[in-house]
$ cat my_file04.txt   # compact mmCIF, C-alpha atoms
# COMPACT_ATOMS: atom_id res chain seq x y z
CA MET N 1 -119.82 51.41 -29.69
CA PRO N 2 -116.47 49.58 -30.15
CA LYS N 3 -115.30 51.82 -32.95
CA PRO N 4 -114.14 54.72 -30.77
CA GLU N 5 -111.87 52.32 -28.69
CA VAL N 6 -110.19 50.98 -31.84
CA SER N 7 -109.52 54.43 -33.14
CA ALA N 8 -107.94 55.44 -29.81
CA SER N 9 -105.60 52.40 -29.77
CA TYR N 10 -104.57 53.04 -33.29
CA GLN N 11 -103.79 56.63 -32.48
CA GLU N 12 -101.55 55.59 -29.52
CA LEU N 13 -99.69 53.01 -31.67
CA SER N 14 -99.05 55.55 -34.41
CA GLU N 15 -97.64 58.00 -31.87
CA ASP N 16 -95.24 55.36 -30.57
CA VAL N 17 -94.04 54.49 -34.07
CA GLU N 18 -93.44 58.13 -34.85
CA ARG N 19 -91.44 58.58 -31.61
CA VAL N 20 -89.27 55.55 -32.44
CA SER N 21 -88.69 56.74 -35.99
CA GLU N 22 -87.68 60.17 -34.73
CA ASN N 23 -85.06 58.83 -32.18
CA PRO N 24 -83.65 55.55 -33.59
CA THR N 25 -80.06 56.25 -32.44
CA GLU N 26 -81.01 56.67 -28.79
CA GLU N 27 -82.48 53.18 -28.65
CA ARG N 28 -79.41 51.65 -30.32
CA GLU N 29 -77.13 53.39 -27.88
CA GLY N 30 -79.24 52.11 -25.05
CA GLU N 31 -79.05 48.58 -26.39
CA MET N 32 -75.29 48.88 -26.87
CA GLU N 33 -74.88 50.14 -23.31
CA VAL N 34 -76.82 47.19 -21.98
CA HIS N 35 -74.79 44.80 -24.11
CA GLU N 36 -71.46 46.35 -23.09
CA ASP N 37 -72.42 46.35 -19.45
CA SER N 38 -73.42 42.71 -19.53
CA SER N 39 -70.26 41.71 -21.43
CA SER N 40 -68.02 43.62 -19.00
CA VAL N 41 -69.58 41.75 -16.13
CA ILE N 42 -69.67 38.26 -17.54
CA LEU N 43 -66.81 38.02 -20.05
CA PRO N 44 -63.11 38.61 -19.31
CA ASP N 45 -60.96 40.80 -21.52
CA GLY N 46 -59.97 39.21 -24.81
CA GLU N 47 -62.18 36.11 -24.38
CA LEU N 48 -65.20 35.02 -26.39
CA GLY N 49 -68.66 35.47 -25.07
CA THR N 50 -69.19 31.73 -25.03
CA THR N 51 -66.45 31.14 -22.31
CA THR N 52 -67.93 29.93 -19.04
CA PRO N 53 -66.69 31.11 -15.57
CA SER N 54 -65.55 27.57 -14.62
CA LEU N 55 -63.25 27.40 -17.68
CA ARG N 56 -61.78 30.81 -16.80
CA PHE N 57 -61.12 29.67 -13.24
CA SER N 58 -59.36 26.48 -14.38
CA LYS N 59 -57.02 28.44 -16.69
CA THR N 60 -56.18 30.89 -13.93
CA CYS N 61 -55.50 28.02 -11.53
CA LEU N 62 -53.16 26.34 -14.03
CA LYS N 63 -51.27 29.60 -14.54
CA ASN N 64 -50.83 30.01 -10.80
CA VAL N 65 -49.61 26.43 -10.37
CA PHE N 66 -47.18 26.83 -13.26
CA SER N 67 -45.86 30.08 -11.75
CA VAL N 68 -45.32 28.42 -8.38
CA ILE N 69 -43.44 25.54 -10.03
CA LEU N 70 -41.21 27.96 -11.93
CA LEU N 71 -40.55 29.88 -8.73
CA PHE N 72 -39.46 26.72 -6.90
CA ILE N 73 -37.24 25.71 -9.83
CA TYR N 74 -35.44 29.05 -9.78
CA LEU N 75 -35.09 28.90 -6.02
CA LEU N 76 -33.47 25.49 -6.45
CA LEU N 77 -31.13 26.90 -9.09
CA MET N 78 -30.20 29.73 -6.75
CA ALA N 79 -29.38 27.21 -4.01
CA VAL N 80 -27.18 25.27 -6.45
CA ALA N 81 -25.43 28.50 -7.49
CA VAL N 82 -24.73 29.39 -3.83
CA PHE N 83 -23.30 25.91 -3.26
CA LEU N 84 -21.08 26.28 -6.34
CA VAL N 85 -19.77 29.60 -5.02
CA TYR N 86 -18.88 28.02 -1.68
CA GLN N 87 -17.29 24.98 -3.34
CA THR N 88 -15.26 27.13 -5.76
CA ILE N 89 -13.85 29.29 -2.97
CA SER N 90 -13.03 26.20 -0.87
CA ASP N 91 -11.24 24.50 -3.78
CA PHE N 92 -9.26 27.66 -4.51
CA ARG N 93 -8.08 27.94 -0.90
CA GLU N 94 -7.19 24.25 -0.84
CA LYS N 95 -5.13 24.54 -4.03
CA LEU N 96 -3.30 27.54 -2.63
CA LYS N 97 -2.24 25.46 0.36
CA HIS N 98 -1.19 22.42 -1.70
CA PRO N 99 0.68 23.35 -4.91
CA VAL N 100 1.29 20.70 -7.56
CA MET N 101 4.78 19.64 -8.57
CA SER N 102 5.43 20.31 -12.25
CA VAL N 103 8.26 18.43 -14.00
CA THR N 104 9.57 19.56 -17.39
CA TYR N 105 12.44 18.22 -19.50
CA LYS N 106 14.78 20.31 -21.61
CA GLU N 107 16.97 18.57 -24.19
CA VAL N 108 20.54 19.82 -24.63
CA SER N 109 23.46 18.79 -26.81
CA LEU N 110 26.16 20.02 -24.42
CA TYR N 111 26.11 20.13 -20.66
CA ASP N 112 27.95 22.65 -18.57
CA ALA N 113 30.87 20.50 -17.44
CA PRO N 114 30.19 19.42 -13.86
CA GLY N 115 32.81 19.31 -11.14
CA ILE N 116 33.72 15.97 -9.54
CA ALA N 117 35.38 16.40 -6.16
CA PHE N 118 37.25 13.31 -4.91
CA TYR N 119 38.44 12.81 -1.35
CA PRO N 120 41.12 10.14 -1.97
CA GLY N 121 42.83 10.30 1.40
CA LYS N 122 46.01 8.24 1.02
CA ALA N 123 45.03 7.06 -2.47
CA ARG N 124 46.81 8.50 -5.51
CA LEU N 125 45.41 9.35 -8.94
CA LEU N 126 47.16 7.22 -11.58
CA SER N 127 45.37 8.18 -14.79
CA CYS N 128 42.43 10.20 -16.05
CA LYS N 129 41.16 10.27 -19.65
CA HIS N 130 38.15 11.38 -21.67
CA HIS N 131 36.65 8.73 -23.96
CA TYR N 132 33.75 8.80 -26.42
CA TYR N 133 30.98 6.44 -27.51
CA ASP N 134 31.45 4.31 -24.36
CA HIS N 135 34.70 2.89 -25.72
CA ILE N 136 37.25 2.33 -22.98
CA PRO N 137 40.41 0.59 -24.24
CA PRO N 138 41.97 -2.05 -21.98
CA LEU N 139 44.54 -0.91 -19.44
CA ILE N 140 48.15 -1.58 -20.48
CA ASN N 141 49.84 -1.24 -17.11
CA PRO N 142 47.17 -1.32 -14.38
CA GLY N 143 48.46 -0.03 -11.09
CA GLN N 144 51.16 2.07 -12.79
CA PRO N 145 51.04 5.83 -13.34
CA GLY N 146 49.54 6.76 -16.71
CA ASP N 147 48.39 9.82 -18.61
CA ILE N 148 46.32 12.46 -16.83
CA GLU N 149 44.47 14.25 -19.61
CA CYS N 150 41.74 15.74 -17.42
CA THR N 151 41.62 19.25 -16.04
CA THR N 152 42.20 18.95 -12.31
CA GLN N 153 42.47 21.27 -9.30
CA ARG N 154 43.71 20.44 -5.81
CA ILE N 155 42.42 22.32 -2.81
CA ASN N 156 42.50 22.17 0.98
CA TYR N 157 39.73 23.58 3.14
CA THR N 158 38.25 23.12 6.60
CA ASP N 159 35.34 20.77 7.18
CA PRO N 160 32.10 22.86 7.05
CA PHE N 161 30.51 20.76 9.80
CA THR N 162 33.34 20.76 12.35
CA ASN N 163 35.43 23.80 11.31
CA GLN N 164 38.47 22.00 12.73
CA THR N 165 39.38 19.13 10.40
CA MET N 166 41.28 19.95 7.23
CA LYS N 167 40.06 18.20 4.09
CA TYR N 168 41.93 17.55 0.87
CA ALA N 169 39.91 17.47 -2.36
CA LEU N 170 40.90 16.64 -5.92
CA VAL N 171 38.48 18.39 -8.29
CA VAL N 172 38.18 16.99 -11.84
CA GLN N 173 36.29 18.42 -14.80
CA GLY N 174 33.41 16.12 -15.81
CA PRO N 175 32.04 15.19 -19.26
CA ARG N 176 30.21 17.71 -21.47
CA ASP N 177 29.31 16.26 -24.89
CA VAL N 178 26.23 14.15 -24.37
CA LYS N 179 25.70 13.40 -28.08
CA LYS N 180 29.10 11.74 -28.40
CA ARG N 181 28.49 10.01 -25.06
CA GLU N 182 31.59 11.52 -23.58
CA LEU N 183 32.82 9.87 -20.39
CA VAL N 184 35.67 10.34 -17.92
CA PHE N 185 37.62 7.28 -16.79
CA LEU N 186 39.80 7.54 -13.65
CA GLN N 187 42.16 5.10 -11.95
CA PHE N 188 43.33 5.41 -8.34
CA HIS N 189 45.87 3.43 -6.38
CA LEU N 190 45.99 2.87 -2.64
CA ASN N 191 49.20 1.22 -1.41
CA GLU N 192 48.04 0.16 2.02
CA THR N 193 45.04 0.54 4.25
CA ASP N 194 44.32 -0.15 7.89
CA GLN N 195 40.65 -0.99 7.27
CA ASP N 196 38.88 -4.15 6.18
CA PHE N 197 37.38 -2.30 3.23
CA SER N 198 38.57 0.63 1.16
CA ALA N 199 36.51 3.32 -0.61
CA ILE N 200 36.90 6.83 -1.95
CA ASP N 201 34.32 9.54 -1.32
CA TYR N 202 33.21 11.93 -4.05
CA LEU N 203 30.57 14.56 -4.67
CA LEU N 204 29.20 16.25 -7.79
CA PHE N 205 28.47 19.94 -8.26
CA SER N 206 26.90 21.70 -11.21
CA SER N 207 29.70 23.77 -12.79
CA PHE N 208 33.44 23.20 -12.85
CA GLN N 209 33.92 26.61 -14.48
CA GLU N 210 32.29 28.36 -11.53
CA PHE N 211 34.76 26.63 -9.25
CA VAL N 212 37.73 27.72 -11.38
CA SER N 213 36.56 31.33 -11.62
CA SER N 214 35.63 31.57 -7.93
CA PRO N 215 37.95 33.92 -5.98
CA GLU N 216 37.47 31.87 -2.79
CA LYS N 217 37.68 28.24 -3.82
CA ALA N 218 37.80 27.00 -0.22
CA LYS N 219 34.51 28.71 0.59
CA PHE N 220 33.05 27.44 -2.68
CA MET N 221 33.91 23.84 -1.74
CA LYS N 222 32.52 24.28 1.76
CA ASP N 223 29.22 25.50 0.29
CA CYS N 224 29.16 22.57 -2.16
CA GLU N 225 29.75 20.05 0.60
CA SER N 226 26.96 21.62 2.63
CA SER N 227 24.52 21.56 -0.31
CA TYR N 228 25.27 18.33 -2.25
CA SER N 229 25.23 14.68 -1.26
CA SER N 230 28.35 12.57 -1.31
CA TRP N 231 28.82 8.99 -2.53
CA LYS N 232 31.51 6.28 -2.46
CA PHE N 233 33.06 3.85 -4.89
CA SER N 234 34.98 0.81 -3.69
CA GLY N 235 38.39 -0.62 -4.49
CA GLY N 236 38.76 -3.74 -6.62
CA PHE N 237 35.73 -2.85 -8.78
CA ARG N 238 34.95 -0.85 -11.87
CA THR N 239 32.16 1.56 -10.91
CA TRP N 240 30.09 3.09 -13.70
CA VAL N 241 28.21 6.26 -12.75
CA LYS N 242 25.49 7.67 -15.04
CA MET N 243 24.46 11.17 -14.03
CA SER N 244 21.27 13.18 -14.58
CA LEU N 245 20.76 16.82 -13.69
CA VAL N 246 17.73 18.08 -11.74
CA LYS N 247 16.98 21.79 -11.33
CA THR N 248 14.48 22.88 -8.68
CA LYS N 249 12.86 26.32 -8.68
CA GLU N 250 12.01 27.53 -5.21
CA GLU N 251 9.08 29.76 -4.22
CA ASP N 252 11.34 32.79 -3.80
CA GLY N 253 12.57 32.45 -7.41
CA SER N 254 15.94 30.91 -6.60
CA GLU N 255 17.13 27.77 -8.35
CA THR N 256 18.94 24.81 -6.84
CA VAL N 257 20.73 22.04 -8.73
CA GLU N 258 21.28 18.45 -7.71
CA PHE N 259 22.39 15.24 -9.35
CA LYS N 260 20.72 11.89 -9.61
CA GLN N 261 22.87 8.94 -10.52
CA GLU N 262 22.60 5.33 -11.50
CA THR N 263 25.56 3.20 -10.44
CA SER N 264 26.59 -0.20 -11.73
CA VAL N 265 29.55 -2.11 -10.28
CA VAL N 266 31.63 -4.75 -12.09
CA ASN N 267 34.32 -6.84 -10.43
CA TYR N 268 37.86 -6.13 -11.62
CA ILE N 269 39.98 -9.21 -12.23
CA ASP N 270 43.51 -8.37 -11.25
CA GLN N 271 45.81 -10.03 -13.80
CA ARG N 272 49.08 -8.69 -12.45
CA THR N 273 51.80 -11.33 -12.20
CA LYS N 274 52.67 -10.85 -8.54
CA PRO N 275 50.06 -10.81 -5.80
CA ARG N 276 49.74 -7.33 -4.40
CA SER N 277 48.34 -6.00 -1.17
CA ASP N 278 47.50 -2.61 -2.70
CA GLN N 279 44.06 -1.61 -3.97
CA LEU N 280 43.04 -0.33 -7.40
CA PHE N 281 40.01 1.90 -7.95
CA PHE N 282 38.32 2.39 -11.31
CA VAL N 283 35.42 4.78 -11.84
CA VAL N 284 33.61 6.06 -14.97
CA PHE N 285 31.39 9.16 -15.12
CA GLU N 286 28.91 9.63 -17.99
CA TRP N 287 25.69 11.52 -18.62
CA LYS N 288 22.62 9.33 -18.57
CA ASP N 289 20.60 11.28 -21.18
CA PRO N 290 20.50 14.74 -22.82
CA PHE N 291 17.51 15.92 -20.75
CA ILE N 292 17.73 18.41 -17.92
CA GLN N 293 14.87 17.88 -15.50
CA THR N 294 13.27 21.02 -14.06
CA VAL N 295 11.02 20.70 -11.01
CA GLN N 296 8.74 23.55 -10.01
CA ASP N 297 5.81 23.89 -7.64
CA ILE N 298 2.83 25.47 -9.38
CA ILE N 299 -0.59 26.50 -8.14
CA THR N 300 -3.26 25.01 -10.38
CA ALA N 301 -5.91 27.44 -9.13
CA ASN N 302 -6.19 30.34 -11.55
CA PRO N 303 -7.66 33.43 -9.82
CA TRP N 304 -8.99 34.83 -13.11
CA ASN N 305 -10.90 31.63 -13.83
CA MET N 306 -12.37 31.72 -10.34
CA ILE N 307 -13.37 35.39 -10.74
CA ALA N 308 -15.03 34.64 -14.09
CA LEU N 309 -16.89 31.68 -12.58
CA LEU N 310 -18.06 33.73 -9.61
CA CYS N 311 -19.24 36.54 -11.91
CA GLY N 312 -21.25 34.04 -13.94
CA ILE N 313 -22.76 32.51 -10.81
CA PHE N 314 -23.68 35.89 -9.32
CA LEU N 315 -25.17 36.99 -12.64
CA ALA N 316 -27.30 33.84 -12.65
CA LEU N 317 -28.34 34.59 -9.06
CA PHE N 318 -29.43 38.13 -9.93
CA LYS N 319 -31.32 36.96 -13.01
CA ALA N 320 -33.03 34.24 -10.99
CA ALA N 321 -33.96 36.73 -8.26
CA ASP N 322 -35.32 39.15 -10.87
CA PHE N 323 -37.37 36.41 -12.51
CA ALA N 324 -38.70 35.30 -9.13
CA LYS N 325 -39.72 38.88 -8.31
CA LEU N 326 -41.51 39.25 -11.65
CA SER N 327 -43.21 35.89 -11.16
CA VAL N 328 -44.51 36.95 -7.74
CA LYS N 329 -45.78 40.25 -9.15
CA TRP N 330 -47.49 38.39 -12.00
CA MET N 331 -49.16 35.99 -9.57
CA ILE N 332 -50.37 38.87 -7.39
CA LYS N 333 -51.73 40.67 -10.47
CA ILE N 334 -53.57 37.57 -11.68
CA ARG N 335 -55.01 37.04 -8.20
CA ARG N 336 -56.25 40.61 -8.00
CA ARG N 337 -57.79 40.38 -11.48
CA HIS N 338 -59.53 37.14 -10.53
CA LEU N 339 -60.92 38.69 -7.34
CA LYS N 340 -62.08 41.75 -9.26
CA ARG N 341 -63.92 39.60 -11.81
CA THR N 342 -65.46 37.56 -9.00
CA ARG N 343 -66.77 40.73 -7.33
CA GLN N 344 -68.13 41.97 -10.65
CA VAL N 345 -69.99 38.71 -11.24
CA THR N 346 -71.33 38.76 -7.69
CA ASN N 347 -72.52 42.37 -8.04
CA HIS N 348 -74.18 41.55 -11.36
CA ILE N 349 -76.02 38.61 -9.84
CA ASN N 350 -77.13 40.71 -6.89
$ encode --input "my_file04.txt" --output "structure tokens"
Amino acid sequence: MPKPEVSASYQELSEDVERVSENPTEEREGEMEVHEDSSSVILPDGELGTTTPSLRFSKTCLKNVFSVILLFIYLLLMAVAVFLVYQTISDFREKLKHPVMSVTYKEVSLYDAPGIAFYPGKARLLSCKHHYYDHIPPLINPGQPGDIECTTQRINYTDPFTNQTMKYALVVQGPRDVKKRELVFLQFHLNETDQDFSAIDYLLFSSFQEFVSSPEKAKFMKDCESSYSSWKFSGGFRTWVKMSLVKTKEEDGSETVEFKQETSVVNYIDQRTKPRSDQLFFVVFEWKDPFIQTVQDIITANPWNMIALLCGIFLALFKAADFAKLSVKWMIKIRRRHLKRTRQVTNHIN
């Protein structure tokens, strides 16, 4: 009796084989759907099927830590940039308050002949000559009137400080040719004095030609006396004065001129036959060097450099802020993706 059961089983098996052979694509699609569903749940995008969840979590954690470190680095750079902005503005304001003195030297072959104003009082000019190459011949008749080869002007004006006292000035044209070491040698004589010491005052001003061409010479001399310093040279000595010219440019654009001088004094040995009670004065004026010194206050802070630096700093700030924003967005995206994968794995397990 077992034969009918075998024939029935065989018939059922043949029907199943025929059904499979008729619909082979449906089974493949079903298998592919199962495979795709399982891979979408277990494997992340772009990773191999052999990657484990623990390895994926460690990579994600490292990326997050690296992003946080980068964010802190750029925040630190932003803080440094802000400090640089503050320091740059502070330095610029400080340099505006404290300009730096700039000194430049201009070499010339000829000076504008300066004016030398003497206030001899009771003393009398005996001789005045221009010499070259520092060669001063010996005096033939010291104390006696000699040649006056210098250009001189005599002027009377009121004292600029008291406006009451009349002053007498003898103005002499100074040396010009600095290459030939031109000098002016003057000799004065004072017959008697009621003081224990005797000296003659003098002052230097920048241009003798301006004095000559001035329509009001008295006012010109009053302005010079108010602006320039005065010096003295004593009787019984040979005083050697070496001048240097200093020009100062003011903030309003005006220019002032003053003289610096080096003075050396040598004792004069009076070899006249008879002892005299009078005093002799000898003075030499010469240029020290061919350089005119120009002094000017300058502001070392350049506004264009500061603007360029600030633009660069602000550009760095904006780039750092943009990078920080992108880093935060990237971290949020990675976190969301990780949570989504975790939920998918949990749903698959459930």
$ residues_around --input "my_file04.txt" --residues "region 302-306 of chain N" --least-positions-apart "4" --cutoff "8 Å" --atoms "all atoms listed in the file" --output "NGL selection string"
:N and (88-89 or 92 or 310)
$ atom_distance --input "my_file04.txt" --atom1 "CA of Phe205 (chain N)" --atom2 "CA of Val103 (chain N)"
21.1 Å
$ closest_residue --input "my_file04.txt" --among "N:Ala199, N:Thr346, N:Pro137, N:Pro160" --to "Ser226 (chain N)" --atoms "all atoms listed in the file"
N:Pro160
$ residues_around --input "my_file04.txt" --residues "Pro175 (chain N)" --least-positions-apart "3" --cutoff "9 Å" --atoms "all atoms listed in the file" --output "compact mmCIF listing (two decimals) with C-alpha atoms, in the frame of the given file"
# COMPACT_ATOMS: atom_id res chain seq x y z
CA TYR N 111 26.11 20.13 -20.66
CA ASP N 112 27.95 22.65 -18.57
CA ALA N 113 30.87 20.50 -17.44
CA PRO N 114 30.19 19.42 -13.86
CA HIS N 130 38.15 11.38 -21.67
CA VAL N 178 26.23 14.15 -24.37
CA ARG N 181 28.49 10.01 -25.06
CA GLU N 182 31.59 11.52 -23.58
CA LEU N 183 32.82 9.87 -20.39
CA VAL N 184 35.67 10.34 -17.92
CA PHE N 285 31.39 9.16 -15.12
CA GLU N 286 28.91 9.63 -17.99
CA TRP N 287 25.69 11.52 -18.62
$ atom_distance --input "my_file04.txt" --atom1 "CA of Phe314 (chain N)" --atom2 "CA of Tyr74 (chain N)"
13.6 Å
$ atom_distance --input "my_file04.txt" --atom1 "CA of Thr239 (chain N)" --atom2 "CA of Ser207 (chain N)"
22.4 Å
$ closest_residue --input "my_file04.txt" --among "N:Tyr119, N:Thr165, N:Ala218, N:Val265" --to "Leu203 (chain N)" --atoms "only C-alpha atoms"
N:Tyr119
$ closest_residue --input "my_file04.txt" --among "N:Ile349, N:Leu309, N:Cys150, N:Leu326" --to "Gln87 (chain N)" --atoms "all atoms listed in the file"
N:Leu309
$ residues_around --input "my_file04.txt" --residues "Gln144 (chain N)" --least-positions-apart "3" --cutoff "10 Å" --atoms "all atoms listed in the file" --output "PyMOL selection string"
chain N and resi 126-127+139-141+187-189
$ closest_residue --input "my_file04.txt" --among "N:Pro215, N:Gly174, N:Gly235, N:Gly121" --to "Asp270 (chain N)" --atoms "all atoms listed in the file"
N:Gly235
$ closest_residue --input "my_file04.txt" --among "N:Phe237, N:Tyr105, N:Phe185, N:Phe318" --to "Val295 (chain N)" --atoms "only C-alpha atoms"
N:Tyr105
$ residues_around --input "my_file04.txt" --residues "Gly312 (chain N)" --least-positions-apart "5" --cutoff "12 Å" --atoms "all atoms listed in the file" --output "ChimeraX atom specification"
/N:81-82,84-85,305-307,317-319
$ residues_around --input "my_file04.txt" --residues "Phe208 (chain N)" --least-positions-apart "3" --cutoff "12 Å" --atoms "all atoms listed in the file" --output "ChimeraX atom specification"
/N:111-117,151-153,171-176,204-205,211-214,217,220-221,224
$ closest_residue --input "my_file04.txt" --among "N:Ala308, N:Cys128, N:Ile298, N:Cys61" --to "Val284 (chain N)" --atoms "all atoms listed in the file"
N:Cys128
